[in-house]
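input_6.txt (compact mmCIF, C-alpha atoms)
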```txt
# COMPACT_ATOMS: atom_id res chain seq x y z
CA MET A 1 37.78 135.39 -2.73
CA ALA A 2 34.15 136.47 -2.87
CA ARG A 3 33.18 132.96 -1.89
CA ILE A 4 35.41 133.02 1.17
CA ALA A 5 33.98 136.40 2.17
CA ALA A 6 30.44 135.08 1.80
CA ILE A 7 31.24 132.06 3.98
CA LEU A 8 32.88 134.32 6.54
CA ALA A 9 29.85 136.62 6.59
CA PHE A 10 27.56 133.64 6.97
CA MET A 11 29.56 132.29 9.89
CA LEU A 12 29.60 135.71 11.55
CA ALA A 13 25.84 135.95 11.15
CA LEU A 14 25.41 132.51 12.70
CA ALA A 15 27.62 133.46 15.61
CA GLY A 16 25.63 136.65 16.10
CA MET A 17 22.38 134.69 16.15
CA ALA A 18 23.80 132.23 18.63
CA GLN A 19 24.84 135.09 20.87
CA ALA A 20 21.38 136.62 20.71
CA GLU A 21 19.87 133.23 21.44
CA GLU A 22 22.15 132.71 24.41
CA ARG A 23 21.36 136.12 25.85
CA SER A 24 17.60 135.74 25.58
CA SER A 25 17.20 132.06 26.30
CA LEU A 26 16.99 132.54 30.07
CA TRP A 27 14.96 135.71 29.90
CA PRO A 28 11.41 135.38 31.16
CA ASP A 29 8.60 135.07 28.63
CA ILE A 30 6.39 137.82 29.96
CA PRO A 31 2.73 137.00 29.32
CA LYS A 32 0.87 139.48 27.16
CA ALA A 33 -1.79 141.54 28.92
CA SER A 34 -5.24 142.56 27.83
CA GLY A 35 -6.55 146.10 28.14
CA THR A 36 -4.90 149.44 27.51
CA PRO A 37 -1.12 149.65 27.97
CA HIS A 38 0.28 151.64 30.88
CA PRO A 39 0.91 155.21 29.72
CA GLU A 40 4.19 155.18 31.68
CA GLY A 41 5.43 152.25 29.67
CA ASN A 42 6.29 148.74 30.80
CA GLU A 43 9.87 149.55 31.79
CA TYR A 44 8.61 152.09 34.33
CA TRP A 45 6.10 149.64 35.79
CA ARG A 46 8.63 146.81 35.96
CA LYS A 47 10.83 148.99 38.11
CA GLN A 48 8.25 150.98 40.07
CA HIS A 49 5.29 148.63 40.57
CA MET A 50 5.91 148.10 44.28
CA GLU A 51 6.26 151.83 44.96
CA LEU A 52 3.06 152.55 43.04
CA MET A 53 1.15 149.76 44.77
CA LYS A 54 2.40 150.76 48.21
CA HIS A 55 1.49 154.38 47.58
CA ASP A 56 -1.99 153.51 46.36
CA ARG A 57 -2.50 150.98 49.15
CA ASP A 58 -2.15 153.79 51.68
CA GLU A 59 -4.48 155.96 49.62
CA THR A 60 -7.06 153.19 49.82
CA MET A 61 -6.66 152.03 53.39
CA TYR A 62 -6.12 155.36 55.14
CA GLU A 63 -7.85 157.81 52.81
CA GLY A 64 -10.60 155.56 51.51
CA ASP A 65 -9.87 156.17 47.82
CA ARG A 66 -11.21 153.10 46.05
CA GLN A 67 -10.43 154.41 42.54
CA VAL A 68 -6.66 153.87 42.65
CA GLN A 69 -4.77 152.58 39.62
CA ALA A 70 -2.17 150.41 41.28
CA SER A 71 -3.81 147.62 43.23
CA LEU A 72 -3.37 143.88 42.90
CA LYS A 73 -7.03 143.65 41.97
CA ALA A 74 -6.50 146.12 39.14
CA CYS A 75 -3.34 144.22 38.04
CA PHE A 76 -5.34 141.05 37.50
CA ASP A 77 -7.96 142.87 35.42
CA CYS A 78 -5.38 142.77 32.64
CA HIS A 79 -2.58 140.49 33.85
CA ALA A 80 -4.46 137.29 34.71
CA VAL A 81 -2.79 134.43 32.83
CA GLU A 82 -5.14 131.62 31.86
CA ASP A 83 -4.34 127.93 31.64
CA GLU A 84 -5.41 125.54 28.86
CA THR A 85 -8.96 125.43 30.23
CA GLY A 86 -9.30 129.20 30.27
CA THR A 87 -9.14 129.45 34.07
CA PRO A 88 -6.83 132.12 35.50
CA VAL A 89 -3.80 130.46 37.12
CA THR A 90 -2.89 131.10 40.75
CA TYR A 91 0.50 131.95 42.18
CA ALA A 92 1.02 128.20 42.58
CA SER A 93 1.58 128.00 38.80
CA ASP A 94 4.89 129.08 37.30
CA LYS A 95 2.89 130.72 34.50
CA HIS A 96 1.43 133.27 36.95
CA PHE A 97 2.19 136.80 35.79
CA CYS A 98 4.12 137.76 38.92
CA ARG A 99 6.11 134.54 39.05
CA VAL A 100 7.39 134.75 35.50
CA CYS A 101 9.76 137.59 36.37
CA HIS A 102 10.12 136.93 40.08
CA ASP A 103 11.26 133.34 39.52
CA TYR A 104 13.80 134.69 37.03
CA ALA A 105 15.03 137.26 39.53
CA ALA A 106 14.84 134.74 42.41
CA VAL A 107 12.82 137.23 44.44
CA LYS A 108 10.20 135.65 46.63
CA VAL A 109 6.81 137.33 46.58
CA ASP A 110 4.84 137.12 49.82
CA CYS A 111 1.92 139.29 48.69
CA PHE A 112 -0.22 136.23 48.15
CA MET A 113 -0.05 135.03 51.73
CA CYS A 114 -2.81 137.57 52.34
CA HIS A 115 -3.98 138.72 48.90
CA ARG A 116 -5.64 136.47 46.37
CA SER A 117 -3.53 135.86 43.28
CA THR A 118 -6.39 135.72 40.77
CA PRO A 119 -9.41 137.84 39.91
CA ASP A 120 -12.36 137.47 42.30
CA GLY A 121 -14.54 134.43 41.77
CA VAL A 122 -11.78 132.01 40.75
CA ASP A 123 -11.25 129.04 43.08
CA GLU A 124 -7.61 129.18 44.10
CA GLY A 125 -7.62 125.63 45.40
CA SER A 126 -5.55 123.88 48.02
CA ALA A 127 -2.33 123.90 45.97
CA HIS A 128 -2.18 127.65 46.47
CA ALA A 129 -2.64 127.38 50.25
CA ARG A 130 0.06 124.71 50.51
CA LEU A 131 2.51 126.78 48.53
CA MET A 132 1.93 129.76 50.77
CA SER A 133 2.41 127.79 53.98
CA GLU A 134 5.64 126.08 52.96
CA PRO A 135 8.90 127.15 54.54
CA GLU A 136 10.57 129.90 52.57
CA GLY A 137 13.56 127.89 51.49
CA GLU A 138 11.52 125.03 50.15
CA THR A 139 9.32 127.32 48.08
CA GLY A 140 12.35 129.11 46.73
CA VAL A 141 14.07 125.92 45.61
CA LYS A 142 10.89 124.62 44.02
CA SER A 143 10.15 127.79 42.11
CA LEU A 144 13.74 128.04 40.93
CA SER A 145 13.82 124.43 39.77
CA ALA A 146 10.43 124.85 38.08
CA TYR A 147 11.77 127.90 36.31
CA LEU A 148 14.92 126.16 35.12
CA MET A 149 12.94 123.08 34.04
CA GLY A 150 10.70 125.32 31.96
CA LYS A 151 13.80 126.77 30.31
CA ALA A 152 15.53 123.45 29.75
CA PRO A 153 14.38 122.87 26.12
CA LYS A 154 15.54 126.31 25.09
CA ALA A 155 18.85 125.90 26.88
CA ALA A 156 19.40 122.63 25.02
CA MET A 157 18.73 124.36 21.70
CA ARG A 158 21.28 126.98 22.53
CA THR A 159 23.93 124.35 23.24
CA ASN A 160 23.24 122.76 19.86
CA SER A 161 23.52 126.00 17.96
CA GLN A 162 26.75 126.81 19.75
CA ALA A 163 28.15 123.43 18.79
CA GLU A 164 27.29 124.04 15.14
CA THR A 165 28.91 127.43 14.97
CA GLY A 166 31.95 126.16 16.81
CA GLU A 167 32.84 123.88 13.90
CA MET B 168 5.51 129.66 25.58
CA THR B 169 2.15 131.11 24.68
CA PHE B 170 -0.58 132.36 26.95
CA ARG B 171 -4.24 132.69 26.17
CA MET B 172 -5.59 135.98 27.36
CA PRO B 173 -9.17 136.92 28.16
CA ASP B 174 -11.18 137.83 25.09
CA ASP B 175 -13.04 140.70 26.68
CA THR B 176 -11.22 143.97 26.36
CA ARG B 177 -12.32 145.48 29.61
CA GLN B 178 -12.59 149.22 29.78
CA PRO B 179 -9.72 150.45 31.94
CA PRO B 180 -10.39 152.97 34.70
CA ALA B 181 -10.39 156.57 33.57
CA GLN B 182 -7.26 157.27 35.61
CA ARG B 183 -5.25 154.90 33.44
CA ALA B 184 -4.90 157.73 30.99
CA VAL B 185 -2.74 159.63 33.48
CA ASN B 186 0.97 159.11 33.09
CA ARG B 187 2.21 158.92 36.66
CA ALA B 188 5.82 158.83 35.56
CA GLU B 189 5.39 162.39 34.32
CA MET B 190 3.39 163.68 37.26
CA THR B 191 5.28 166.18 39.32
CA ARG B 192 5.60 166.01 43.05
CA ARG B 193 3.29 169.01 43.25
CA ASP B 194 0.61 167.26 41.22
CA LEU B 195 0.79 164.30 43.53
CA LEU B 196 0.56 166.43 46.65
CA ARG B 197 -2.39 168.36 45.30
CA SER B 198 -4.27 165.42 44.00
CA GLY B 199 -3.47 162.47 46.20
CA ALA B 200 -2.51 160.74 42.97
CA ALA B 201 -6.06 161.04 41.71
CA VAL B 202 -6.54 163.14 38.61
CA ALA B 203 -9.78 163.09 36.74
CA THR B 204 -9.82 164.09 33.09
CA ALA B 205 -12.81 164.67 30.90
CA THR B 206 -12.79 165.48 27.21
CA LEU B 207 -15.31 168.27 26.65
CA ALA B 208 -14.75 168.60 22.93
CA PRO B 209 -12.03 167.51 20.52
CA GLY B 210 -8.88 169.19 21.74
CA VAL B 211 -10.45 170.53 24.93
CA THR B 212 -9.64 168.52 28.04
CA LEU B 213 -10.81 169.31 31.52
CA MET B 214 -8.38 168.19 34.19
CA ALA B 215 -9.45 168.23 37.82
CA PHE B 216 -6.91 167.64 40.55
CA GLY B 217 -8.01 166.36 43.92
CA GLY B 218 -11.53 165.63 42.85
CA SER B 219 -11.74 161.89 42.49
CA PRO B 220 -15.18 160.26 42.59
CA ALA B 221 -14.17 158.59 45.86
CA GLU B 222 -13.61 161.94 47.49
CA ALA B 223 -16.91 163.19 46.15
CA ALA B 224 -18.59 160.19 47.78
CA GLY B 225 -16.99 161.26 51.07
CA ALA B 226 -14.43 158.46 51.54
CA ALA B 227 -12.50 158.76 54.82
CA ASP B 228 -13.96 162.16 55.61
CA ALA B 229 -12.89 163.62 58.95
CA GLY B 230 -16.25 165.38 59.08
CA LYS B 231 -18.00 162.03 59.47
CA ARG B 232 -18.01 159.34 62.07
CA TRP B 233 -19.51 156.06 61.03
CA GLY B 234 -21.46 154.05 63.56
CA LEU B 235 -24.09 151.42 64.14
CA LEU B 236 -27.16 151.39 66.34
CA ILE B 237 -28.37 147.91 67.23
CA ASP B 238 -31.94 147.54 68.49
CA VAL B 239 -31.71 144.45 70.67
CA SER B 240 -35.50 144.07 70.82
CA LYS B 241 -35.59 143.62 67.03
CA CYS B 242 -32.76 141.06 66.92
CA GLN B 243 -34.42 137.67 66.41
CA ASP B 244 -33.44 134.63 68.47
CA GLY B 245 -31.59 132.08 66.40
CA CYS B 246 -31.16 134.36 63.38
CA THR B 247 -27.57 134.50 62.16
CA ASP B 248 -28.07 136.38 58.89
CA CYS B 249 -25.68 139.19 59.89
CA ILE B 250 -22.92 136.71 60.68
CA THR B 251 -23.41 134.77 57.46
CA ALA B 252 -23.46 137.97 55.43
CA CYS B 253 -20.24 139.21 57.10
CA SER B 254 -18.50 135.90 56.54
CA GLU B 255 -19.46 135.82 52.86
CA GLU B 256 -18.64 139.46 52.30
CA ASN B 257 -15.21 139.32 53.92
CA GLY B 258 -14.22 135.72 53.27
CA TRP B 259 -13.65 134.49 56.85
CA HIS B 260 -14.99 131.10 57.80
CA ASP B 261 -14.56 128.14 60.13
CA THR B 262 -11.45 126.02 59.66
CA GLY B 263 -12.49 123.30 62.12
CA HIS B 264 -10.78 124.95 65.09
CA PRO B 265 -13.70 126.48 67.02
CA GLU B 266 -11.47 127.80 69.79
CA THR B 267 -9.36 129.92 67.50
CA ASP B 268 -11.39 130.45 64.33
CA ALA B 269 -11.86 134.07 63.29
CA GLN B 270 -15.07 135.78 64.35
CA TRP B 271 -15.57 139.28 63.03
CA ILE B 272 -19.11 139.32 64.43
CA ARG B 273 -20.84 136.98 66.87
CA LYS B 274 -24.22 136.60 68.52
CA VAL B 275 -24.14 137.08 72.29
CA THR B 276 -27.00 135.95 74.52
CA LEU B 277 -27.70 138.04 77.60
CA LYS B 278 -29.71 136.67 80.49
CA ASN B 279 -31.10 138.77 83.29
CA SER B 280 -30.48 136.53 86.26
CA ALA B 281 -33.16 138.30 88.32
CA THR B 282 -35.98 137.93 85.81
CA GLY B 283 -34.76 135.18 83.55
CA HIS B 284 -35.32 137.36 80.47
CA THR B 285 -32.90 136.57 77.65
CA ALA B 286 -31.93 138.66 74.66
CA GLU B 287 -29.61 138.07 71.71
CA MET B 288 -27.52 140.69 70.01
CA PRO B 289 -24.63 140.86 67.56
CA VAL B 290 -21.28 142.08 68.88
CA MET B 291 -18.47 143.15 66.58
CA CYS B 292 -15.64 145.71 66.70
CA GLN B 293 -17.19 148.68 68.49
CA HIS B 294 -15.07 151.21 66.55
CA CYS B 295 -14.18 153.14 69.70
CA GLU B 296 -13.29 156.79 69.66
CA SER B 297 -10.40 155.95 72.00
CA PRO B 298 -9.55 152.41 70.90
CA PRO B 299 -7.42 150.43 73.38
CA CYS B 300 -6.20 148.25 70.48
CA VAL B 301 -4.62 151.31 68.89
CA ASP B 302 -3.10 152.39 72.21
CA VAL B 303 -1.27 149.12 72.76
CA CYS B 304 -0.19 148.30 69.20
CA PRO B 305 3.64 148.34 69.22
CA THR B 306 4.01 148.82 65.46
CA GLY B 307 1.23 151.24 64.58
CA ALA B 308 -0.63 148.61 62.59
CA SER B 309 -3.80 149.15 64.57
CA PHE B 310 -5.20 152.51 63.60
CA LYS B 311 -8.32 154.63 63.53
CA ARG B 312 -9.24 156.27 60.28
CA LYS B 313 -10.32 159.88 60.36
CA ASP B 314 -13.93 158.80 59.80
CA GLY B 315 -13.81 156.68 62.98
CA ILE B 316 -13.37 153.22 61.46
CA VAL B 317 -10.79 151.15 63.37
CA LEU B 318 -8.66 148.93 61.12
CA VAL B 319 -5.52 146.79 61.07
CA ASP B 320 -2.81 147.62 58.55
CA LYS B 321 -1.74 144.02 57.98
CA HIS B 322 1.41 145.11 56.17
CA ILE B 323 2.63 146.42 59.53
CA CYS B 324 0.94 143.88 61.88
CA ILE B 325 3.46 141.48 63.40
CA GLY B 326 0.81 139.25 64.97
CA CYS B 327 1.75 139.98 68.57
CA ARG B 328 -1.94 140.01 69.59
CA TYR B 329 -1.60 142.76 72.21
CA CYS B 330 -4.68 144.35 70.65
CA MET B 331 -6.67 141.18 71.18
CA MET B 332 -5.84 141.28 74.87
CA ALA B 333 -6.57 145.00 75.13
CA CYS B 334 -9.97 144.84 73.44
CA PRO B 335 -12.70 144.63 76.09
CA PHE B 336 -15.14 143.25 73.53
CA LYS B 337 -13.01 140.33 72.27
CA ALA B 338 -13.66 141.74 68.85
CA ARG B 339 -10.38 140.78 67.23
CA SER B 340 -9.20 137.44 65.86
CA PHE B 341 -5.81 136.05 64.95
CA VAL B 342 -5.49 134.07 61.74
CA HIS B 343 -3.82 130.77 62.61
CA GLU B 344 -4.21 128.88 59.34
CA PRO B 345 -2.94 129.65 55.83
CA THR B 346 -5.63 131.49 53.89
CA VAL B 347 -6.90 130.88 50.38
CA ASN B 348 -9.66 132.35 48.25
CA GLN B 349 -9.68 135.68 50.06
CA LYS B 350 -11.85 138.47 48.72
CA SER B 351 -9.84 141.03 46.80
CA HIS B 352 -11.31 143.81 48.95
CA ALA B 353 -10.56 141.97 52.23
CA PRO B 354 -7.04 140.52 52.21
CA ARG B 355 -6.42 138.28 55.21
CA GLY B 356 -3.43 136.15 56.02
CA GLN B 357 -1.88 133.80 58.52
CA GLY B 358 -0.07 135.55 61.34
CA THR B 359 -2.07 138.78 61.35
CA VAL B 360 -4.92 140.09 63.47
CA GLU B 361 -8.22 141.08 61.95
CA SER B 362 -11.65 142.34 62.94
CA CYS B 363 -14.81 143.97 61.64
CA THR B 364 -13.89 146.72 59.16
CA LEU B 365 -17.41 148.16 59.15
CA CYS B 366 -17.27 146.97 55.52
CA VAL B 367 -14.99 149.90 54.79
CA HIS B 368 -14.76 148.91 51.12
CA ARG B 369 -18.52 149.39 50.82
CA VAL B 370 -18.67 152.52 52.98
CA ASP B 371 -15.98 154.19 50.85
CA LYS B 372 -18.25 153.74 47.85
CA GLY B 373 -21.27 155.13 49.67
CA GLY B 374 -22.67 151.72 50.65
CA THR B 375 -23.70 150.16 53.96
CA PRO B 376 -22.11 147.21 55.80
CA ALA B 377 -23.15 143.70 54.77
CA CYS B 378 -24.64 142.87 58.20
CA VAL B 379 -26.94 145.91 58.06
CA GLU B 380 -28.08 144.95 54.59
CA ALA B 381 -28.69 141.30 55.58
CA CYS B 382 -30.66 142.28 58.69
CA ALA B 383 -32.89 144.59 56.66
CA LYS B 384 -33.33 141.90 54.00
CA ALA B 385 -34.49 139.45 56.67
CA GLY B 386 -37.09 142.04 57.65
CA HIS B 387 -35.71 142.71 61.13
CA GLU B 388 -33.99 146.05 60.59
CA ALA B 389 -32.29 145.71 63.97
CA ILE B 390 -29.09 147.47 62.80
CA ILE B 391 -28.94 151.06 61.58
CA PHE B 392 -25.78 152.38 59.94
CA GLY B 393 -24.97 156.04 59.57
CA ASP B 394 -22.95 159.14 60.31
CA LEU B 395 -22.94 159.97 64.02
CA LYS B 396 -21.70 163.50 63.34
CA ASP B 397 -24.60 164.35 61.04
CA PRO B 398 -27.55 165.40 63.25
CA GLU B 399 -29.91 164.78 60.34
CA SER B 400 -28.89 161.15 59.78
CA ALA B 401 -31.36 158.42 60.77
CA ILE B 402 -28.94 157.01 63.34
CA SER B 403 -28.36 160.39 65.02
CA LYS B 404 -32.07 161.11 65.19
CA ARG B 405 -32.76 157.72 66.73
CA LEU B 406 -29.93 158.16 69.24
CA ALA B 407 -31.21 161.62 70.16
CA GLY B 408 -34.82 160.45 70.47
CA TYR B 409 -34.46 157.15 72.30
CA PRO B 410 -32.25 155.77 75.08
CA SER B 411 -29.23 153.72 74.07
CA VAL B 412 -26.10 152.44 75.73
CA ALA B 413 -22.50 151.71 74.89
CA LEU B 414 -21.11 148.36 75.96
CA ARG B 415 -18.77 148.74 78.94
CA PRO B 416 -19.62 152.42 79.44
CA ASP B 417 -17.35 152.37 82.49
CA LEU B 418 -14.32 152.31 80.21
CA ASP B 419 -15.31 155.61 78.58
CA LEU B 420 -14.23 154.49 75.10
CA ASN B 421 -17.15 156.17 73.30
CA PRO B 422 -17.77 153.35 70.84
CA GLY B 423 -19.29 153.98 67.43
CA VAL B 424 -21.54 150.96 67.94
CA ARG B 425 -24.46 151.50 70.32
CA TYR B 426 -27.29 149.34 71.60
CA SER B 427 -30.89 150.20 72.37
CA ASN B 428 -33.50 148.21 74.32
CA LEU B 429 -30.71 146.32 76.01
CA GLY B 430 -31.95 144.59 79.16
```

Take the structure in the file and write it out as structure tokens.
Amino acid sequence: MARIAAILAFMLALAGMAQAEERSSLWPDIPKASGTPHPEGNEYWRKQHMELMKHDRDETMYEGDRQVQASLKACFDCHAVEDETGTPVTYASDKHFCRVCHDYAAVKVDCFMCHRSTPDGVDEGSAHARLMSEPEGETGVKSLSAYLMGKAPKAAMRTNSQAETGE
Amino acid sequence: MTFRMPDDTRQPPAQRAVNRAEMTRRDLLRSGAAVATATLAPGVTLMAFGGSPAEAAGAADAGKRWGLLIDVSKCQDGCTDCITACSEENGWHDTGHPETDAQWIRKVTLKNSATGHTAEMPVMCQHCESPPCVDVCPTGASFKRKDGIVLVDKHICIGCRYCMMACPFKARSFVHEPTVNQKSHAPRGQGTVESCTLCVHRVDKGGTPACVEACAKAGHEAIIFGDLKDPESAISKRLAGYPSVALRPDLDLNPGVRYSNLG
């Protein structure tokens, strides 16, 4: 009896793990930032970043306040993701901080048609310019497929674990 | 997936310490979202609303009007240091389309047909008091800041180019090509209009425009930058003491850029 209960508990635990795996497998892997965390917390910034940036943009452009917190330049002080060579990646890379979530949410970002997507001094290269000039649909399909391709190994793992627990 | 992050732990701006999620509407209205805090002693914190360093430096102050005075007699033939400096500072450059490439500042050669005397001078946005570009803009993207600097809000610009047609100085350019490697302080993008910003990002921090700096560095000092409303500023004293003209004075636009020894 105890043995059956133990097996049952084990199977339940496995199923629970599989469920957790399934739920998180498509979630974006948000790159860690350097610097001091936002006092408002990440959840607040994930939801409000556009409002904060738009508010501070007007403060800068119309009022001349150059000390604002929420600017793309300030974002990349802490949120510049580097590639294997230690160079910050541009928006052309699916590892770019903004793209990680925006690809997941299938929301196209057009900030970088005018703004640079890296800290100053980094050469953004022609790949970035091409990406920005592509028709919207094409870019969307590419970023979505890149996102799903990046997730493919994890998705395969999930299928395997489901198959095991199903037996 | 792992990401390598920069090793340097940069010091965040002082304002980072402010939790904007907990700021009240009143705080925001009073401060313009800028709150400076200073720890005087353990447990004693001084909070100052509405007193950001930018404001102390006089950013976008309605009591000022920024302008340039260009001494045409000091502008050297063939020298393009102001143009190069502007291009490097603001990240605009040739794309191989000379007819449409952006020009925030250009050298214009004037020839007196009666005497044959020629003179060169730089022409950029004249930062008019009554800017025709602002008058005609259908979206409100073209605007004049309270300190007299005329800018384009590219978030609102639809690229219709009415302002380019309205400007008597041909000071504005339309960006035809996709842009890359912009400066973080000078975003510019395909489908929007742009022009000289009087290096507003420098002026807001108490600096001078890049062209003025480059001209002085070359030893010509043909361009003076300053506050036209301050009678004690170098530019006001020079304007009061010596003759100068506005380009196209017939249009009565009262530009912030003036020329001396012209013709």

### Task
Specify as a VMD selection string all residues of chain A found within 6 Å of chain B, counting all atoms listed in the file.
chain A and resid 35 39 to 40 63 to 65 82 113 to 116 124 129 133

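Our summary of the geometry notes that atom CA of Pro299 of chain B is positioned 7.2 Å from atom CA of Cys330 of chain B.
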
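Straight-line separation from atom CA of Cys295 of chain B to atom CA of Tyr409 of chain B: 20.8 Å.
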
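Coordinates place atom CA of Pro119 of chain A at a distance of 17.6 Å from atom CA of Thr36 of chain A.
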
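The shell of residues at most 12 Å from segment 239-241 of chain B, with only C-alpha atoms counted and near chain neighbours (fewer than 5 positions) removed, consists of Cys246, Lys274, Val275, Thr276, Leu277, His284, Thr285, Ala286, Glu287, Met288, Pro289, Val290, Cys382, Ala383, Ala385, Gly386, His387, Glu388, Ala389, Ile390, Ile391, Ser411, Val412, Arg425, Tyr426, Ser427, Asn428, Leu429 and Gly430 of chain B.
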
Mind dumping the selected residues with C-alpha atoms as a short mmCIF file (atom, residue, chain, number, x, y, z; two decimals), keeping the file's coordinate frame?
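Written output follows (again.cif):
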```cif
data_model
loop_
_atom_site.label_atom_id
_atom_site.label_comp_id
_atom_site.auth_asym_id
_atom_site.auth_seq_id
_atom_site.Cartn_x
_atom_site.Cartn_y
_atom_site.Cartn_z
CA CYS B 246 -31.16 134.36 63.38
CA LYS B 274 -24.22 136.60 68.52
CA VAL B 275 -24.14 137.08 72.29
CA THR B 276 -27.00 135.95 74.52
CA LEU B 277 -27.70 138.04 77.60
CA HIS B 284 -35.32 137.36 80.47
CA THR B 285 -32.90 136.57 77.65
CA ALA B 286 -31.93 138.66 74.66
CA GLU B 287 -29.61 138.07 71.71
CA MET B 288 -27.52 140.69 70.01
CA PRO B 289 -24.63 140.86 67.56
CA VAL B 290 -21.28 142.08 68.88
CA CYS B 382 -30.66 142.28 58.69
CA ALA B 383 -32.89 144.59 56.66
CA ALA B 385 -34.49 139.45 56.67
CA GLY B 386 -37.09 142.04 57.65
CA HIS B 387 -35.71 142.71 61.13
CA GLU B 388 -33.99 146.05 60.59
CA ALA B 389 -32.29 145.71 63.97
CA ILE B 390 -29.09 147.47 62.80
CA ILE B 391 -28.94 151.06 61.58
CA SER B 411 -29.23 153.72 74.07
CA VAL B 412 -26.10 152.44 75.73
CA ARG B 425 -24.46 151.50 70.32
CA TYR B 426 -27.29 149.34 71.60
CA SER B 427 -30.89 150.20 72.37
CA ASN B 428 -33.50 148.21 74.32
CA LEU B 429 -30.71 146.32 76.01
CA GLY B 430 -31.95 144.59 79.16
#
```

Produce the centre coordinates and the three edge lengths, each in Å to one decimal, of the box along x, y and z that contains all listed atoms of segment 69-72 of chain A with 6 Å added on each side, as AutoDock Vina command-line options.
```
--center_x -3.5 --center_y 148.2 --center_z 41.4 --size_x 14.6 --size_y 20.7 --size_z 15.6
```

#### Entry: Exercise: Asn421 of chain B partners within 12 Å, only C-alpha atoms, chain neighbours under 2 positions left out, as a count of residues only
22
